[in-house]
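**Student:** Please see the structure below; I have some questions.
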Amino acid sequence: MALELATEQLLSGGEAVAHAMRQIDPEVVPVYPITPQTPIIQAFAQFVADGQATGELIDVESEHSAMSAAIGAALAGARTMTATASQGLALMAEVVYIAAGARAPVVMAVGNRALSAPINIHGDHSDSMLVRDSGALQLFAENAQEAYDLTVLAPRLAEHPAVLLPVLVCLDGFTITHSAEPVALLPDQVVRDFVGEYRIPHPLLKVAEPTTQGPFAMPDYFFEIKRSQVAAIDAALDILPVLAQELERLTGRRLAAMESYRLEDSELALVCMGSTAGTAKDVVDELREEGQAVGLVKLTAFRPFPSGPLREALAGRRAAGVLDRSVSPGGHPALYAEVAAALGGAVPRLVSLVAGLGGRDIQPETLREGFRSLTADGVSGDTRYLGLRAGG
């Protein structure tokens, strides 16, 4: 039975994340502003100024510095959160790898935005894909409510003793970060009780029990250290549903690494992440009313990638399309490559679809075009670009 929720508030996704941060009340928040994550930190900074959050807000000189400070704080024994986007994530990419390698459980909101050039401030997933192999977890929100819920859950996942990795809560730039919708917040104390106190096994300032932190690793141990990161991110796939069920008992809302929508008797399926899933659900409903057997798979977890559940969900489909909001010039788009590897040819026809780059709206007709392409002529695996201007 879900607890009584606070009154719904009209909040943007960025404000919803800031409220979750206020309720969690991290001890250290190193930040550097960049569109479209700025509303997250701007709102949180106001909470700090108004005395509604007690953590140390540190204005640093760059995103590289923000993640560097976050690592030191987290390993010293302070719950640490931050936020970034686009070129900011690109600048801190080096340090995101270090955070994962140092097993620093930093939670970071990412207002997903296109990478330059050309300069673009709008939403796609190219920034997240830049650090897909860093060892950090990546969870994608469909809307402002999920952005809030995932932010509440993220510290528990990051700080779990079997994980101890950074967690990126990803929300599409402007589409979620700046768009307002009703968001139901848990009571502050309920969130604080759910998250609990910050604990890591070996805080570096515990001088009575000295440990090695951030070592130089020669070939004799580097391989094993990296293998332990793989084991930790794999463990997160088992831990995530346990935490999600615990949170569901408080909210009545379900989170999962993967969500199936009207997939049971479908012949054709679409796989996507982020805000696109909301529009896709409407399109699936419309096509169902027209007699078409279509369904949807929404991936919330990109890292860890739910290969087993995805294989099971798509088994028996005639065709599936994978919609990426980023490209990999000279290769296959990132989400498509992951799905293809997970399926190993289990779906007779798997089609790569790219749409929404640089914030281009993914309209219902765009997704209808995507479903049509699943039965069109062409080689399975060829990338189809949806919603291009004429001549593009």
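Letters A, B, ... mark the chains of the structure tokens in the order given; residue numbers begin at 1 per chain; ligand numbers begin at 1, in order shown.
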Apply DSSP to the backbone of this structure and, from segment 165-384 of chain A, keep only the residues in alpha helix (DSSP H); write these as a ChimeraX atom specification.

**Tutor:** /A:188-195,219-251,276-289,307-314,334-343,364-373

**Student:** Once you have the residues from the selection above, write them out as a JSON list (two decimals), in the first residue's frame, restricted to C-alpha atoms.

**Tutor:**
```
[["chain", "number", "residue", "atom", "x", "y", "z"],
["A", 188, "ASP", "CA", 10.70, 14.66, 2.79],
["A", 189, "GLN", "CA", 11.23, 12.31, 5.73],
["A", 190, "VAL", "CA", 10.06, 9.31, 3.72],
["A", 191, "VAL", "CA", 12.78, 10.01, 1.13],
["A", 192, "ARG", "CA", 15.43, 10.47, 3.82],
["A", 193, "ASP", "CA", 14.42, 7.22, 5.49],
["A", 194, "PHE", "CA", 14.46, 5.41, 2.14],
["A", 195, "VAL", "CA", 17.92, 6.70, 1.21],
["A", 219, "PRO", "CA", 49.64, -4.95, -16.01],
["A", 220, "ASP", "CA", 49.71, -7.52, -13.21],
["A", 221, "TYR", "CA", 46.53, -6.07, -11.61],
["A", 222, "PHE", "CA", 44.89, -3.58, -13.98],
["A", 223, "PHE", "CA", 42.96, -6.35, -15.74],
["A", 224, "GLU", "CA", 41.54, -7.71, -12.47],
["A", 225, "ILE", "CA", 40.49, -4.27, -11.28],
["A", 226, "LYS", "CA", 38.58, -3.67, -14.52],
["A", 227, "ARG", "CA", 36.98, -7.10, -14.24],
["A", 228, "SER", "CA", 35.71, -6.17, -10.77],
["A", 229, "GLN", "CA", 34.00, -3.11, -12.26],
["A", 230, "VAL", "CA", 32.23, -5.36, -14.77],
["A", 231, "ALA", "CA", 31.05, -7.58, -11.91],
["A", 232, "ALA", "CA", 29.77, -4.54, -10.02],
["A", 233, "ILE", "CA", 27.75, -3.16, -12.92],
["A", 234, "ASP", "CA", 26.36, -6.65, -13.59],
["A", 235, "ALA", "CA", 25.32, -6.88, -9.93],
["A", 236, "ALA", "CA", 23.35, -3.66, -10.34],
["A", 237, "LEU", "CA", 20.96, -5.46, -12.69],
["A", 238, "ASP", "CA", 19.90, -7.71, -9.79],
["A", 239, "ILE", "CA", 19.90, -4.95, -7.18],
["A", 240, "LEU", "CA", 17.87, -2.43, -9.23],
["A", 241, "PRO", "CA", 14.56, -4.40, -9.14],
["A", 242, "VAL", "CA", 14.88, -4.97, -5.39],
["A", 243, "LEU", "CA", 15.26, -1.25, -4.74],
["A", 244, "ALA", "CA", 12.53, -0.45, -7.29],
["A", 245, "GLN", "CA", 10.07, -2.72, -5.47],
["A", 246, "GLU", "CA", 10.92, -1.06, -2.17],
["A", 247, "LEU", "CA", 10.31, 2.36, -3.70],
["A", 248, "GLU", "CA", 7.09, 1.15, -5.34],
["A", 249, "ARG", "CA", 5.69, 0.29, -1.92],
["A", 250, "LEU", "CA", 6.10, 3.97, -1.04],
["A", 251, "THR", "CA", 4.96, 5.56, -4.30],
["A", 276, "THR", "CA", 10.40, 9.13, -26.89],
["A", 277, "ALA", "CA", 8.70, 6.29, -25.05],
["A", 278, "GLY", "CA", 5.77, 8.50, -24.04],
["A", 279, "THR", "CA", 4.98, 9.45, -27.63],
["A", 280, "ALA", "CA", 5.61, 5.86, -28.73],
["A", 281, "LYS", "CA", 2.98, 4.53, -26.33],
["A", 282, "ASP", "CA", 0.39, 6.83, -27.88],
["A", 283, "VAL", "CA", 1.38, 5.71, -31.38],
["A", 284, "VAL", "CA", 1.18, 2.05, -30.35],
["A", 285, "ASP", "CA", -2.35, 2.66, -29.03],
["A", 286, "GLU", "CA", -3.38, 4.36, -32.27],
["A", 287, "LEU", "CA", -1.92, 1.61, -34.45],
["A", 288, "ARG", "CA", -3.61, -1.03, -32.30],
["A", 289, "GLU", "CA", -6.94, 0.67, -32.89],
["A", 307, "SER", "CA", 20.12, -8.32, -22.27],
["A", 308, "GLY", "CA", 18.28, -11.34, -20.85],
["A", 309, "PRO", "CA", 14.91, -9.63, -20.27],
["A", 310, "LEU", "CA", 15.17, -7.97, -23.69],
["A", 311, "ARG", "CA", 15.75, -11.30, -25.44],
["A", 312, "GLU", "CA", 12.75, -12.76, -23.67],
["A", 313, "ALA", "CA", 10.54, -9.77, -24.46],
["A", 314, "LEU", "CA", 11.34, -9.75, -28.18],
["A", 334, "ALA", "CA", 24.95, 2.60, -29.76],
["A", 335, "LEU", "CA", 21.54, 1.32, -28.65],
["A", 336, "TYR", "CA", 21.08, -0.69, -31.84],
["A", 337, "ALA", "CA", 24.51, -2.29, -31.38],
["A", 338, "GLU", "CA", 23.61, -3.30, -27.81],
["A", 339, "VAL", "CA", 20.25, -4.75, -28.83],
["A", 340, "ALA", "CA", 21.76, -6.64, -31.77],
["A", 341, "ALA", "CA", 24.43, -8.14, -29.52],
["A", 342, "ALA", "CA", 21.84, -9.09, -26.90],
["A", 343, "LEU", "CA", 19.53, -10.76, -29.40],
["A", 364, "PRO", "CA", 3.85, 10.53, -33.88],
["A", 365, "GLU", "CA", 4.24, 10.40, -37.67],
["A", 366, "THR", "CA", 7.99, 9.90, -37.19],
["A", 367, "LEU", "CA", 7.28, 6.80, -35.14],
["A", 368, "ARG", "CA", 4.64, 5.59, -37.57],
["A", 369, "GLU", "CA", 7.33, 5.83, -40.25],
["A", 370, "GLY", "CA", 9.56, 3.77, -37.98],
["A", 371, "PHE", "CA", 6.98, 1.01, -37.67],
["A", 372, "ARG", "CA", 6.42, 1.03, -41.46],
["A", 373, "SER", "CA", 10.14, 0.57, -42.03]]
```

**Student:** Give me, as a list in words, all polymer residues having an atom no more than 7 Å from Ser12 of chain A, counting only C-alpha atoms and skipping those fewer than 4 positions away in the same chain.

**Tutor:**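 Near neighbours after the sequence-gap exclusion: Ala16, Ala144, Ile176, Thr177, His178, Ser179, Ala180 and Glu181 of chain A.
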
**Student:** Report as a list in words all protein, DNA and RNA residues lying within 8 Å of Glu159 of chain A, evaluated on only C-alpha atoms, omitting residues in the same chain fewer than 4 positions from it.

**Tutor:**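 Contacts, in chain order: Pro105, Pro155, Val163, Leu164, Leu165, Tyr198, Arg199 and Ile200 of chain A.
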
**Student:** Tell me which protein, DNA and RNA residues are within 8 Å of segment 71-81 of chain A, counting only C-alpha atoms, leaving out same-chain ones fewer than 4 positions away, and put them as a short mmCIF file (atom, residue, chain, number, x, y, z; two decimals) with C-alpha atoms, in the first residue's frame.

**Tutor:**
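File around_26.cif, as written:
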```
data_model
loop_
_atom_site.label_atom_id
_atom_site.label_comp_id
_atom_site.auth_asym_id
_atom_site.auth_seq_id
_atom_site.Cartn_x
_atom_site.Cartn_y
_atom_site.Cartn_z
CA MET A 21 18.18 16.38 -4.25
CA PRO A 26 23.66 15.41 -0.09
CA GLU A 27 26.59 16.69 1.94
CA VAL A 28 28.59 17.92 -1.07
CA VAL A 29 27.37 19.21 -4.46
CA PRO A 30 30.17 20.46 -6.76
CA MET A 67 33.63 15.53 -11.03
CA ALA A 99 35.11 7.92 -10.67
CA ALA A 102 37.87 4.53 -7.99
CA ALA A 104 33.07 6.55 -6.11
CA PRO A 105 29.25 6.35 -5.77
CA VAL A 106 28.51 9.82 -7.13
CA VAL A 107 24.98 10.50 -8.41
CA MET A 108 24.83 12.85 -11.39
CA TYR A 198 25.81 7.41 3.58
CA ARG A 199 28.16 4.50 4.09
CA ILE A 200 31.06 3.21 2.01
CA HIS A 202 36.63 2.19 3.09
CA PRO A 203 36.42 5.98 3.49
CA LEU A 204 39.83 7.44 2.77
CA LEU A 205 39.74 9.69 5.84
#
```

**Student:** Kindly give the distance, in Å, that separates atom CA of Leu185 of chain A and atom CA of Ala301 of chain A, rounded to a single decimal.

**Tutor:**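 Result for atom CA of Leu185 of chain A versus atom CA of Ala301 of chain A: 22.2 Å, one decimal.
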
**Student:** Select, from A:Pro39, A:Gly330, A:Gly101, A:Pro187, the residue with the minimum atom-to-atom distance to Thr84 of chain A, counting only C-alpha atoms.

**Tutor:**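 Going through A:Pro39, A:Gly330, A:Gly101, A:Pro187 one by one, the smallest distance to Thr84 of chain A is for A:Pro39.
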
**Student:** Of the candidates A:Gly135, A:Gly111, A:Gly214, A:Gly387, which shows the shortest atom-to-atom distance to Phe302 of chain A, using only C-alpha atoms?

**Tutor:**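 Between A:Gly135, A:Gly111, A:Gly214, A:Gly387, the residue approaching Phe302 of chain A most closely is A:Gly135.
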
**Student:** Write out as a list in words each polymer residue whose atoms come within 12 Å of Gly345 of chain A, counting only C-alpha atoms; drop sequence neighbours fewer than 6 positions from it.

**Tutor:** Arg311, Leu314, Ala315, Gly316, Arg317, Arg318, Ala319, Ala320, Val339, Val351, Ser380 and Gly381 of chain A

**Student:** Would you return as a ChimeraX atom specification the members of segment 1-195 of chain A that DSSP assigns to strand (DSSP E) on this structure's backbone?

**Tutor:** /A:9-12,28-31,56-59,81-84,107-112,137-140,167-172,180-183

**Student:** Given the selection you just returned, output its residues as a file containing C-alpha atoms, formatted as an mmCIF file, in the first residue's frame.

**Tutor:**
```
data_model
loop_
_atom_site.group_PDB
_atom_site.id
_atom_site.type_symbol
_atom_site.label_atom_id
_atom_site.label_comp_id
_atom_site.auth_asym_id
_atom_site.auth_seq_id
_atom_site.Cartn_x
_atom_site.Cartn_y
_atom_site.Cartn_z
ATOM 1 C CA GLN A 9 3.088 20.016 -8.015
ATOM 2 C CA LEU A 10 3.506 21.410 -11.496
ATOM 3 C CA LEU A 11 7.253 20.975 -11.990
ATOM 4 C CA SER A 12 9.702 20.749 -14.830
ATOM 5 C CA VAL A 28 28.586 17.925 -1.066
ATOM 6 C CA VAL A 29 27.372 19.206 -4.455
ATOM 7 C CA PRO A 30 30.170 20.464 -6.757
ATOM 8 C CA VAL A 31 28.632 22.192 -9.774
ATOM 9 C CA GLU A 56 27.977 22.254 0.759
ATOM 10 C CA LEU A 57 27.399 23.727 -2.690
ATOM 11 C CA ILE A 58 30.796 24.210 -4.359
ATOM 12 C CA ASP A 59 31.118 26.452 -7.413
ATOM 13 C CA MET A 81 25.645 14.646 -6.169
ATOM 14 C CA THR A 82 26.154 16.852 -9.211
ATOM 15 C CA ALA A 83 24.708 17.549 -12.664
ATOM 16 C CA THR A 84 25.937 18.252 -16.181
ATOM 17 C CA VAL A 107 24.977 10.501 -8.407
ATOM 18 C CA MET A 108 24.826 12.846 -11.387
ATOM 19 C CA ALA A 109 21.819 14.190 -13.268
ATOM 20 C CA VAL A 110 22.476 14.539 -17.002
ATOM 21 C CA GLY A 111 20.301 16.881 -19.051
ATOM 22 C CA ASN A 112 20.924 15.013 -22.289
ATOM 23 C CA LEU A 137 25.423 3.278 -14.581
ATOM 24 C CA GLN A 138 22.963 5.111 -16.842
ATOM 25 C CA LEU A 139 19.225 5.294 -16.145
ATOM 26 C CA PHE A 140 16.937 7.124 -18.621
ATOM 27 C CA VAL A 167 24.928 6.580 -11.378
ATOM 28 C CA LEU A 168 23.837 8.945 -14.160
ATOM 29 C CA VAL A 169 20.144 9.869 -14.116
ATOM 30 C CA CYS A 170 19.489 10.939 -17.707
ATOM 31 C CA LEU A 171 16.629 13.220 -18.738
ATOM 32 C CA ASP A 172 16.172 14.547 -22.255
ATOM 33 C CA ALA A 180 6.353 21.197 -16.692
ATOM 34 C CA GLU A 181 3.917 18.472 -15.719
ATOM 35 C CA PRO A 182 2.283 17.248 -12.492
ATOM 36 C CA VAL A 183 4.838 15.468 -10.289
#
```

**Student:** Excluding Asp265 of chain A and residues on its chain fewer than 3 positions from it, collect all residues at most 10 Å away from it, counting only C-alpha atoms, and give them as a ChimeraX atom specification.

**Tutor:** /A:262,268,293-295,316-317

**Student:** Work out how far atom CA of His125 of chain A is from atom CA of Gly274 of chain A, in Å to one decimal.

**Tutor:**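 These atoms are spaced 9.1 Å apart.
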
**Student:** What is the atom CA of Leu353 of chain A-atom CA of Val271 of chain A distance in Å, reported with one decimal?

**Tutor:**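 Pair atom CA of Leu353 of chain A / atom CA of Val271 of chain A returns 9.6 Å.
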
**Student:** Near Pro329 of chain A, within 12 Å and counting only C-alpha atoms, which residues show up once chain neighbours fewer than 6 positions away are dropped, as a VMD selection string?

**Tutor:** chain A and resid 126 354 383
